$ cat run.cif   # mmCIF, N, CA and C atoms
data_query
loop_
_atom_site.label_atom_id
_atom_site.label_comp_id
_atom_site.auth_asym_id
_atom_site.auth_seq_id
_atom_site.Cartn_x
_atom_site.Cartn_y
_atom_site.Cartn_z
N MET A 29 1.20 -10.86 -9.72
CA MET A 29 1.65 -9.51 -9.51
C MET A 29 0.61 -8.56 -10.08
N SER A 30 0.40 -7.46 -9.42
CA SER A 30 -0.53 -6.45 -9.93
C SER A 30 0.06 -5.06 -9.72
N VAL A 31 -0.31 -4.15 -10.60
CA VAL A 31 0.16 -2.78 -10.52
C VAL A 31 -0.94 -1.87 -11.06
N ALA A 32 -1.03 -0.68 -10.51
CA ALA A 32 -2.01 0.29 -10.98
C ALA A 32 -1.33 1.64 -11.14
N ALA A 33 -1.92 2.48 -11.98
CA ALA A 33 -1.39 3.83 -12.19
C ALA A 33 -2.45 4.84 -11.78
N GLU A 34 -2.02 5.86 -11.04
CA GLU A 34 -2.91 6.93 -10.59
C GLU A 34 -2.48 8.25 -11.20
N VAL A 35 -3.47 9.08 -11.50
CA VAL A 35 -3.22 10.46 -11.92
C VAL A 35 -4.05 11.33 -10.99
N GLU A 36 -3.36 12.13 -10.19
CA GLU A 36 -4.01 13.02 -9.23
C GLU A 36 -5.03 12.28 -8.35
N GLY A 37 -4.65 11.08 -7.89
CA GLY A 37 -5.48 10.31 -6.97
C GLY A 37 -6.52 9.42 -7.63
N ASP A 38 -6.68 9.48 -8.95
CA ASP A 38 -7.64 8.63 -9.66
C ASP A 38 -6.91 7.50 -10.36
N VAL A 39 -7.36 6.26 -10.14
CA VAL A 39 -6.76 5.13 -10.83
C VAL A 39 -7.16 5.18 -12.30
N VAL A 40 -6.17 5.14 -13.19
CA VAL A 40 -6.44 5.25 -14.63
C VAL A 40 -6.06 4.00 -15.41
N ALA A 41 -5.29 3.10 -14.80
CA ALA A 41 -4.90 1.87 -15.49
C ALA A 41 -4.47 0.83 -14.47
N GLY A 42 -4.61 -0.42 -14.84
CA GLY A 42 -4.19 -1.50 -13.97
C GLY A 42 -3.82 -2.73 -14.77
N VAL A 43 -2.90 -3.52 -14.22
CA VAL A 43 -2.47 -4.76 -14.86
C VAL A 43 -2.34 -5.82 -13.77
N VAL A 44 -2.86 -7.02 -14.05
CA VAL A 44 -2.68 -8.17 -13.17
C VAL A 44 -2.06 -9.27 -14.01
N CYS A 45 -0.90 -9.72 -13.61
CA CYS A 45 -0.18 -10.77 -14.33
C CYS A 45 -0.30 -12.07 -13.54
N ALA A 46 -0.81 -13.11 -14.20
CA ALA A 46 -0.95 -14.43 -13.57
C ALA A 46 -0.13 -15.43 -14.37
N PRO A 47 1.20 -15.46 -14.18
CA PRO A 47 2.07 -16.30 -15.00
C PRO A 47 1.74 -17.79 -14.92
N ALA A 48 1.29 -18.26 -13.77
CA ALA A 48 0.94 -19.68 -13.65
C ALA A 48 -0.22 -20.05 -14.57
N LEU A 49 -1.06 -19.06 -14.87
CA LEU A 49 -2.19 -19.28 -15.77
C LEU A 49 -1.87 -18.88 -17.21
N GLY A 50 -0.74 -18.21 -17.39
CA GLY A 50 -0.37 -17.73 -18.72
C GLY A 50 -1.26 -16.60 -19.19
N VAL A 51 -1.75 -15.79 -18.24
CA VAL A 51 -2.71 -14.74 -18.56
C VAL A 51 -2.29 -13.42 -17.92
N THR A 52 -2.54 -12.34 -18.64
CA THR A 52 -2.37 -10.99 -18.10
C THR A 52 -3.68 -10.24 -18.34
N TYR A 53 -4.15 -9.57 -17.29
CA TYR A 53 -5.37 -8.76 -17.39
C TYR A 53 -4.97 -7.29 -17.39
N LEU A 54 -5.57 -6.52 -18.30
CA LEU A 54 -5.25 -5.10 -18.44
C LEU A 54 -6.54 -4.30 -18.45
N ALA A 55 -6.51 -3.12 -17.85
CA ALA A 55 -7.69 -2.25 -17.88
C ALA A 55 -7.23 -0.80 -17.87
N THR A 56 -7.96 0.03 -18.60
CA THR A 56 -7.71 1.47 -18.59
C THR A 56 -9.03 2.19 -18.44
N ARG A 57 -9.00 3.31 -17.72
CA ARG A 57 -10.21 4.10 -17.53
C ARG A 57 -10.71 4.54 -18.90
N GLY A 58 -11.95 4.19 -19.19
CA GLY A 58 -12.55 4.54 -20.47
C GLY A 58 -12.20 3.60 -21.60
N GLY A 59 -11.28 2.67 -21.36
CA GLY A 59 -10.84 1.76 -22.42
C GLY A 59 -11.25 0.32 -22.20
N GLY A 60 -11.91 0.05 -21.09
CA GLY A 60 -12.35 -1.32 -20.82
C GLY A 60 -11.25 -2.21 -20.28
N ALA A 61 -11.60 -3.47 -20.12
CA ALA A 61 -10.68 -4.47 -19.60
C ALA A 61 -10.45 -5.54 -20.65
N HIS A 62 -9.23 -6.09 -20.65
CA HIS A 62 -8.87 -7.10 -21.64
C HIS A 62 -8.05 -8.20 -20.98
N GLU A 63 -8.12 -9.37 -21.58
CA GLU A 63 -7.32 -10.51 -21.15
C GLU A 63 -6.34 -10.84 -22.28
N ARG A 64 -5.07 -10.96 -21.94
CA ARG A 64 -4.06 -11.32 -22.93
C ARG A 64 -3.48 -12.67 -22.57
N SER A 65 -3.49 -13.59 -23.52
CA SER A 65 -2.92 -14.92 -23.32
C SER A 65 -2.26 -15.35 -24.63
N GLU A 66 -1.77 -16.59 -24.66
CA GLU A 66 -1.14 -17.10 -25.88
C GLU A 66 -2.09 -17.07 -27.08
N SER A 67 -3.40 -17.18 -26.80
CA SER A 67 -4.37 -17.22 -27.90
C SER A 67 -4.77 -15.82 -28.37
N GLY A 68 -4.20 -14.78 -27.77
CA GLY A 68 -4.49 -13.42 -28.22
C GLY A 68 -5.06 -12.54 -27.12
N ILE A 69 -5.69 -11.45 -27.55
CA ILE A 69 -6.29 -10.49 -26.62
C ILE A 69 -7.79 -10.50 -26.85
N ARG A 70 -8.55 -10.55 -25.74
CA ARG A 70 -10.00 -10.48 -25.86
C ARG A 70 -10.55 -9.50 -24.84
N ALA A 71 -11.59 -8.80 -25.26
CA ALA A 71 -12.24 -7.84 -24.37
C ALA A 71 -13.03 -8.61 -23.30
N LEU A 72 -13.05 -8.06 -22.09
CA LEU A 72 -13.82 -8.64 -21.00
C LEU A 72 -15.06 -7.80 -20.76
N ALA A 73 -16.09 -8.42 -20.24
CA ALA A 73 -17.33 -7.71 -19.93
C ALA A 73 -17.71 -7.99 -18.49
N ALA A 74 -18.32 -7.02 -17.87
CA ALA A 74 -18.79 -7.17 -16.49
C ALA A 74 -20.08 -7.98 -16.47
N SER A 75 -20.33 -8.61 -15.37
CA SER A 75 -21.57 -9.35 -15.19
C SER A 75 -22.74 -8.38 -15.12
N SER A 76 -23.89 -8.82 -15.56
CA SER A 76 -25.09 -7.98 -15.49
C SER A 76 -25.77 -8.09 -14.13
N ILE A 77 -25.29 -8.99 -13.26
CA ILE A 77 -25.89 -9.17 -11.94
C ILE A 77 -25.50 -7.99 -11.05
N THR A 78 -26.48 -7.36 -10.44
CA THR A 78 -26.22 -6.20 -9.59
C THR A 78 -26.56 -6.44 -8.12
N ASP A 79 -27.06 -7.62 -7.78
CA ASP A 79 -27.43 -7.94 -6.40
C ASP A 79 -26.17 -8.27 -5.61
N LEU A 80 -25.79 -7.41 -4.65
CA LEU A 80 -24.58 -7.62 -3.85
C LEU A 80 -24.60 -8.95 -3.10
N ALA A 81 -25.78 -9.44 -2.74
CA ALA A 81 -25.87 -10.70 -2.00
C ALA A 81 -25.33 -11.86 -2.83
N LEU A 82 -25.21 -11.69 -4.14
CA LEU A 82 -24.68 -12.74 -5.01
C LEU A 82 -23.20 -12.54 -5.33
N ALA A 83 -22.60 -11.50 -4.78
CA ALA A 83 -21.20 -11.19 -5.06
C ALA A 83 -20.27 -12.01 -4.17
N LEU A 84 -19.18 -12.46 -4.75
CA LEU A 84 -18.15 -13.17 -3.99
C LEU A 84 -17.06 -12.16 -3.64
N LEU A 85 -16.68 -12.13 -2.39
CA LEU A 85 -15.71 -11.15 -1.90
C LEU A 85 -14.34 -11.80 -1.72
N SER A 86 -13.33 -11.14 -2.21
CA SER A 86 -11.95 -11.57 -2.02
C SER A 86 -11.20 -10.41 -1.39
N THR A 87 -10.29 -10.68 -0.49
CA THR A 87 -9.61 -9.60 0.21
C THR A 87 -8.10 -9.71 0.10
N GLY A 88 -7.48 -8.60 0.32
CA GLY A 88 -6.03 -8.50 0.43
C GLY A 88 -5.76 -7.26 1.25
N PHE A 89 -4.77 -7.28 2.07
CA PHE A 89 -4.51 -6.16 2.95
C PHE A 89 -3.13 -5.59 2.72
N GLY A 90 -3.01 -4.28 2.88
CA GLY A 90 -1.75 -3.57 2.69
C GLY A 90 -0.78 -3.83 3.82
N TYR A 91 0.43 -3.34 3.66
CA TYR A 91 1.48 -3.53 4.65
C TYR A 91 1.41 -2.51 5.78
N SER A 92 0.94 -1.32 5.50
CA SER A 92 0.88 -0.27 6.51
C SER A 92 -0.25 -0.56 7.50
N SER A 93 0.02 -0.41 8.79
CA SER A 93 -1.01 -0.70 9.80
C SER A 93 -2.21 0.23 9.66
N GLU A 94 -1.97 1.48 9.30
CA GLU A 94 -3.08 2.43 9.11
C GLU A 94 -3.92 2.01 7.90
N GLN A 95 -3.29 1.58 6.85
CA GLN A 95 -4.03 1.12 5.67
C GLN A 95 -4.83 -0.14 6.00
N ARG A 96 -4.25 -1.07 6.74
CA ARG A 96 -4.97 -2.29 7.14
C ARG A 96 -6.17 -1.95 8.02
N ARG A 97 -6.03 -0.95 8.89
CA ARG A 97 -7.15 -0.54 9.74
C ARG A 97 -8.31 -0.06 8.87
N ARG A 98 -8.02 0.80 7.89
CA ARG A 98 -9.08 1.31 7.00
C ARG A 98 -9.69 0.17 6.18
N GLN A 99 -8.86 -0.73 5.70
CA GLN A 99 -9.36 -1.85 4.91
C GLN A 99 -10.25 -2.75 5.76
N ALA A 100 -9.86 -3.00 7.01
CA ALA A 100 -10.67 -3.83 7.89
C ALA A 100 -12.02 -3.17 8.18
N GLN A 101 -12.02 -1.86 8.36
CA GLN A 101 -13.29 -1.15 8.58
C GLN A 101 -14.21 -1.30 7.37
N ALA A 102 -13.65 -1.18 6.18
CA ALA A 102 -14.46 -1.34 4.96
C ALA A 102 -14.99 -2.77 4.87
N LEU A 103 -14.17 -3.75 5.23
CA LEU A 103 -14.60 -5.14 5.20
C LEU A 103 -15.76 -5.40 6.16
N VAL A 104 -15.69 -4.82 7.34
CA VAL A 104 -16.77 -4.98 8.32
C VAL A 104 -18.10 -4.46 7.76
N GLU A 105 -18.04 -3.41 6.97
CA GLU A 105 -19.25 -2.84 6.37
C GLU A 105 -19.77 -3.68 5.21
N VAL A 106 -18.88 -4.23 4.41
CA VAL A 106 -19.27 -4.93 3.19
C VAL A 106 -19.59 -6.42 3.42
N ALA A 107 -18.83 -7.10 4.27
CA ALA A 107 -18.95 -8.55 4.44
C ALA A 107 -20.38 -9.04 4.70
N PRO A 108 -21.17 -8.38 5.53
CA PRO A 108 -22.53 -8.88 5.77
C PRO A 108 -23.45 -8.76 4.55
N ARG A 109 -23.03 -8.02 3.54
CA ARG A 109 -23.89 -7.80 2.37
C ARG A 109 -23.61 -8.73 1.21
N VAL A 110 -22.53 -9.52 1.30
CA VAL A 110 -22.14 -10.40 0.20
C VAL A 110 -22.16 -11.85 0.69
N ARG A 111 -21.99 -12.78 -0.26
CA ARG A 111 -22.01 -14.19 0.16
C ARG A 111 -20.68 -14.66 0.65
#

$ encode --input "run.cif" --output "structure tokens"
Amino acid sequence: MSVAAEVEGDVVAGVVCAPALGVTYLATRGGGAHERSESGIRALAASSITDLALALLSTGFGYSSEQRRRQAQALVEVAPRVR
């Protein structure tokens, strides 16, 4: 399950709960990202790799047909640039 919070159209916080893994991921704008599990909370860091050709792409599509259309258009632009 995942949820995000927006303020005036800007995403300011997000949570992804992965109960099968026993992990919850949390992030806040300006506050970084963290992983919470039975062993505690640890800060996460982004990869230093900036070459898009080395990025792995994962997708998910919304329920609204208009939203899926926009998402598919974005995918068509990005997919040829990643692995």

$ resolve_selection --input "run.cif" --expression "the PyMOL selection byres (((chain A and resi 62 and name CA) around 6) and name CA)" --output "PDB file with N, CA and C atoms, keeping the file's coordinate frame"
ATOM      1  N   TYR A  53      -4.150  -9.570 -17.290  1.00  0.00           N
ATOM      2  CA  TYR A  53      -5.370  -8.760 -17.390  1.00  0.00           C
ATOM      3  C   TYR A  53      -4.970  -7.290 -17.390  1.00  0.00           C
ATOM      4  N   LEU A  54      -5.570  -6.520 -18.300  1.00  0.00           N
ATOM      5  CA  LEU A  54      -5.250  -5.100 -18.440  1.00  0.00           C
ATOM      6  C   LEU A  54      -6.540  -4.300 -18.450  1.00  0.00           C
ATOM      7  N   ALA A  61     -11.600  -3.470 -20.120  1.00  0.00           N
ATOM      8  CA  ALA A  61     -10.680  -4.470 -19.600  1.00  0.00           C
ATOM      9  C   ALA A  61     -10.450  -5.540 -20.650  1.00  0.00           C
ATOM     10  N   GLU A  63      -8.120  -9.370 -21.580  1.00  0.00           N
ATOM     11  CA  GLU A  63      -7.320 -10.510 -21.150  1.00  0.00           C
ATOM     12  C   GLU A  63      -6.340 -10.840 -22.280  1.00  0.00           C
ATOM     13  N   ARG A  70      -8.550 -10.550 -25.740  1.00  0.00           N
ATOM     14  CA  ARG A  70     -10.000 -10.480 -25.860  1.00  0.00           C
ATOM     15  C   ARG A  70     -10.550  -9.500 -24.840  1.00  0.00           C
ATOM     16  N   ALA A  71     -11.590  -8.800 -25.260  1.00  0.00           N
ATOM     17  CA  ALA A  71     -12.240  -7.840 -24.370  1.00  0.00           C
ATOM     18  C   ALA A  71     -13.030  -8.610 -23.300  1.00  0.00           C
ATOM     19  N   LEU A  72     -13.050  -8.060 -22.090  1.00  0.00           N
ATOM     20  CA  LEU A  72     -13.820  -8.640 -21.000  1.00  0.00           C
ATOM     21  C   LEU A  72     -15.060  -7.800 -20.760  1.00  0.00           C
TER      22      LEU A  72
END

$ resolve_selection --input "run.cif" --expression "the PyMOL selection byres ((chain A and resi 82) around 7)" --output "PyMOL selection string"
chain A and resi 78-81+83-84+109-111

$ resolve_selection --input "run.cif" --expression "the PyMOL selection byres ((chain A and resi 43) around 5)" --output "list of chain:residue names"
A:Ser30, A:Val31, A:Ala41, A:Gly42, A:Val44, A:Cys45, A:Tyr53, A:Leu54

$ select_by_dssp --input "run.cif" --residues "chain A" --states "helix (DSSP H, G or I)" --output "list of chain:residue names"
A:Leu80, A:Ala81, A:Leu82, A:Ser93, A:Glu94, A:Gln95, A:Arg96, A:Arg97, A:Arg98, A:Gln99, A:Ala100, A:Gln101, A:Ala102, A:Leu103, A:Val104, A:Glu105, A:Val106, A:Ala107, A:Pro108, A:Arg109

$ write_last_selection --input "run.cif" --atoms "N, CA and C atoms" --output "PDB file, keeping the file's coordinate frame"
ATOM      1  N   LEU A  80     -25.790  -7.410  -4.650  1.00  0.00           N
ATOM      2  CA  LEU A  80     -24.580  -7.620  -3.850  1.00  0.00           C
ATOM      3  C   LEU A  80     -24.600  -8.950  -3.100  1.00  0.00           C
ATOM      4  N   ALA A  81     -25.780  -9.440  -2.740  1.00  0.00           N
ATOM      5  CA  ALA A  81     -25.870 -10.700  -2.000  1.00  0.00           C
ATOM      6  C   ALA A  81     -25.330 -11.860  -2.830  1.00  0.00           C
ATOM      7  N   LEU A  82     -25.210 -11.690  -4.140  1.00  0.00           N
ATOM      8  CA  LEU A  82     -24.680 -12.740  -5.010  1.00  0.00           C
ATOM      9  C   LEU A  82     -23.200 -12.540  -5.330  1.00  0.00           C
ATOM     10  N   SER A  93       0.020  -0.410   8.790  1.00  0.00           N
ATOM     11  CA  SER A  93      -1.010  -0.700   9.800  1.00  0.00           C
ATOM     12  C   SER A  93      -2.210   0.230   9.660  1.00  0.00           C
ATOM     13  N   GLU A  94      -1.970   1.480   9.300  1.00  0.00           N
ATOM     14  CA  GLU A  94      -3.080   2.430   9.110  1.00  0.00           C
ATOM     15  C   GLU A  94      -3.920   2.010   7.900  1.00  0.00           C
ATOM     16  N   GLN A  95      -3.290   1.580   6.850  1.00  0.00           N
ATOM     17  CA  GLN A  95      -4.030   1.120   5.670  1.00  0.00           C
ATOM     18  C   GLN A  95      -4.830  -0.140   6.000  1.00  0.00           C
ATOM     19  N   ARG A  96      -4.250  -1.070   6.740  1.00  0.00           N
ATOM     20  CA  ARG A  96      -4.970  -2.290   7.140  1.00  0.00           C
ATOM     21  C   ARG A  96      -6.170  -1.950   8.020  1.00  0.00           C
ATOM     22  N   ARG A  97      -6.030  -0.950   8.890  1.00  0.00           N
ATOM     23  CA  ARG A  97      -7.150  -0.540   9.740  1.00  0.00           C
ATOM     24  C   ARG A  97      -8.310  -0.060   8.870  1.00  0.00           C
ATOM     25  N   ARG A  98      -8.020   0.800   7.890  1.00  0.00           N
ATOM     26  CA  ARG A  98      -9.080   1.310   7.000  1.00  0.00           C
ATOM     27  C   ARG A  98      -9.690   0.170   6.180  1.00  0.00           C
ATOM     28  N   GLN A  99      -8.860  -0.730   5.700  1.00  0.00           N
ATOM     29  CA  GLN A  99      -9.360  -1.850   4.910  1.00  0.00           C
ATOM     30  C   GLN A  99     -10.250  -2.750   5.760  1.00  0.00           C
ATOM     31  N   ALA A 100      -9.860  -3.000   7.010  1.00  0.00           N
ATOM     32  CA  ALA A 100     -10.670  -3.830   7.890  1.00  0.00           C
ATOM     33  C   ALA A 100     -12.020  -3.170   8.180  1.00  0.00           C
ATOM     34  N   GLN A 101     -12.020  -1.860   8.360  1.00  0.00           N
ATOM     35  CA  GLN A 101     -13.290  -1.150   8.580  1.00  0.00           C
ATOM     36  C   GLN A 101     -14.210  -1.300   7.370  1.00  0.00           C
ATOM     37  N   ALA A 102     -13.650  -1.180   6.180  1.00  0.00           N
ATOM     38  CA  ALA A 102     -14.460  -1.340   4.960  1.00  0.00           C
ATOM     39  C   ALA A 102     -14.990  -2.770   4.870  1.00  0.00           C
ATOM     40  N   LEU A 103     -14.170  -3.750   5.230  1.00  0.00           N
ATOM     41  CA  LEU A 103     -14.600  -5.140   5.200  1.00  0.00           C
ATOM     42  C   LEU A 103     -15.760  -5.400   6.160  1.00  0.00           C
ATOM     43  N   VAL A 104     -15.690  -4.820   7.340  1.00  0.00           N
ATOM     44  CA  VAL A 104     -16.770  -4.980   8.320  1.00  0.00           C
ATOM     45  C   VAL A 104     -18.100  -4.460   7.760  1.00  0.00           C
ATOM     46  N   GLU A 105     -18.040  -3.410   6.970  1.00  0.00           N
ATOM     47  CA  GLU A 105     -19.250  -2.840   6.370  1.00  0.00           C
ATOM     48  C   GLU A 105     -19.770  -3.680   5.210  1.00  0.00           C
ATOM     49  N   VAL A 106     -18.880  -4.230   4.410  1.00  0.00           N
ATOM     50  CA  VAL A 106     -19.270  -4.930   3.190  1.00  0.00           C
ATOM     51  C   VAL A 106     -19.590  -6.420   3.420  1.00  0.00           C
ATOM     52  N   ALA A 107     -18.830  -7.100   4.270  1.00  0.00           N
ATOM     53  CA  ALA A 107     -18.950  -8.550   4.440  1.00  0.00           C
ATOM     54  C   ALA A 107     -20.380  -9.040   4.700  1.00  0.00           C
ATOM     55  N   PRO A 108     -21.170  -8.380   5.530  1.00  0.00           N
ATOM     56  CA  PRO A 108     -22.530  -8.880   5.770  1.00  0.00           C
ATOM     57  C   PRO A 108     -23.450  -8.760   4.550  1.00  0.00           C
ATOM     58  N   ARG A 109     -23.030  -8.020   3.540  1.00  0.00           N
ATOM     59  CA  ARG A 109     -23.890  -7.800   2.370  1.00  0.00           C
ATOM     60  C   ARG A 109     -23.610  -8.730   1.210  1.00  0.00           C
TER      61      ARG A 109
END

$ closest_residue --input "run.cif" --among "A:Leu103, A:Met29, A:Ile69, A:Gly59" --to "Ala46 in chain A" --atoms "only N, CA and C atoms"
A:Met29

$ atom_distance --input "run.cif" --atom1 "atom N of Ser86 in chain A" --atom2 "atom C of Ala74 in chain A"
16.1 Å

$ select_by_dssp --input "run.cif" --residues "chain A" --states "strand (DSSP E or B)" --output "ChimeraX atom specification"
/A:30-35,38-46,51-56,60-65,68-72

$ closest_residue --input "run.cif" --among "A:Ala48, A:Val39, A:Ala107, A:Ala73" --to "Gly60 in chain A" --atoms "all atoms listed in the file"
A:Ala73

$ atom_distance --input "run.cif" --atom1 "atom C of Leu49 in chain A" --atom2 "atom C of Gly90 in chain A"
25.9 Å

$ axis_aligned_box --input "run.cif" --around "range 99-102 of chain A" --padding-each-side "5 Å" --output "lines of an AutoDock Vina configuration file"
center_x = -11.9
center_y = -2.3
center_z = 6.7
size_x = 16.1
size_y = 13.1
size_z = 13.7

$ decode --input "run.cif" --residues "range 87-101 of chain A" --atoms "N, CA and C atoms" --output "compact mmCIF listing (two decimals), in the first residue's frame"
# COMPACT_ATOMS: atom_id res chain seq x y z
N THR A 87 6.58 0.32 -13.50
CA THR A 87 5.41 1.11 -13.82
C THR A 87 4.19 0.67 -13.03
N GLY A 88 3.26 1.57 -12.96
CA GLY A 88 1.95 1.32 -12.39
C GLY A 88 1.02 2.35 -13.01
N PHE A 89 -0.18 1.98 -13.28
CA PHE A 89 -1.09 2.89 -13.97
C PHE A 89 -2.33 3.15 -13.13
N GLY A 90 -2.85 4.37 -13.25
CA GLY A 90 -4.03 4.79 -12.52
C GLY A 90 -5.30 4.16 -13.06
N TYR A 91 -6.39 4.38 -12.37
CA TYR A 91 -7.68 3.82 -12.76
C TYR A 91 -8.38 4.66 -13.82
N SER A 92 -8.18 5.95 -13.81
CA SER A 92 -8.84 6.84 -14.75
C SER A 92 -8.24 6.67 -16.14
N SER A 93 -9.07 6.58 -17.17
CA SER A 93 -8.56 6.39 -18.53
C SER A 93 -7.72 7.58 -18.98
N GLU A 94 -8.10 8.79 -18.58
CA GLU A 94 -7.31 9.97 -18.94
C GLU A 94 -5.95 9.93 -18.25
N GLN A 95 -5.92 9.52 -17.02
CA GLN A 95 -4.64 9.41 -16.29
C GLN A 95 -3.76 8.33 -16.93
N ARG A 96 -4.34 7.20 -17.31
CA ARG A 96 -3.57 6.14 -17.97
C ARG A 96 -3.03 6.61 -19.31
N ARG A 97 -3.79 7.42 -20.04
CA ARG A 97 -3.31 7.95 -21.32
C ARG A 97 -2.07 8.80 -21.09
N ARG A 98 -2.11 9.70 -20.11
CA ARG A 98 -0.95 10.55 -19.81
C ARG A 98 0.25 9.71 -19.35
N GLN A 99 -0.02 8.72 -18.52
CA GLN A 99 1.05 7.87 -18.03
C GLN A 99 1.69 7.08 -19.18
N ALA A 100 0.87 6.58 -20.09
CA ALA A 100 1.40 5.83 -21.24
C ALA A 100 2.25 6.74 -22.13
N GLN A 101 1.82 7.98 -22.32
CA GLN A 101 2.62 8.92 -23.11
C GLN A 101 3.98 9.15 -22.46
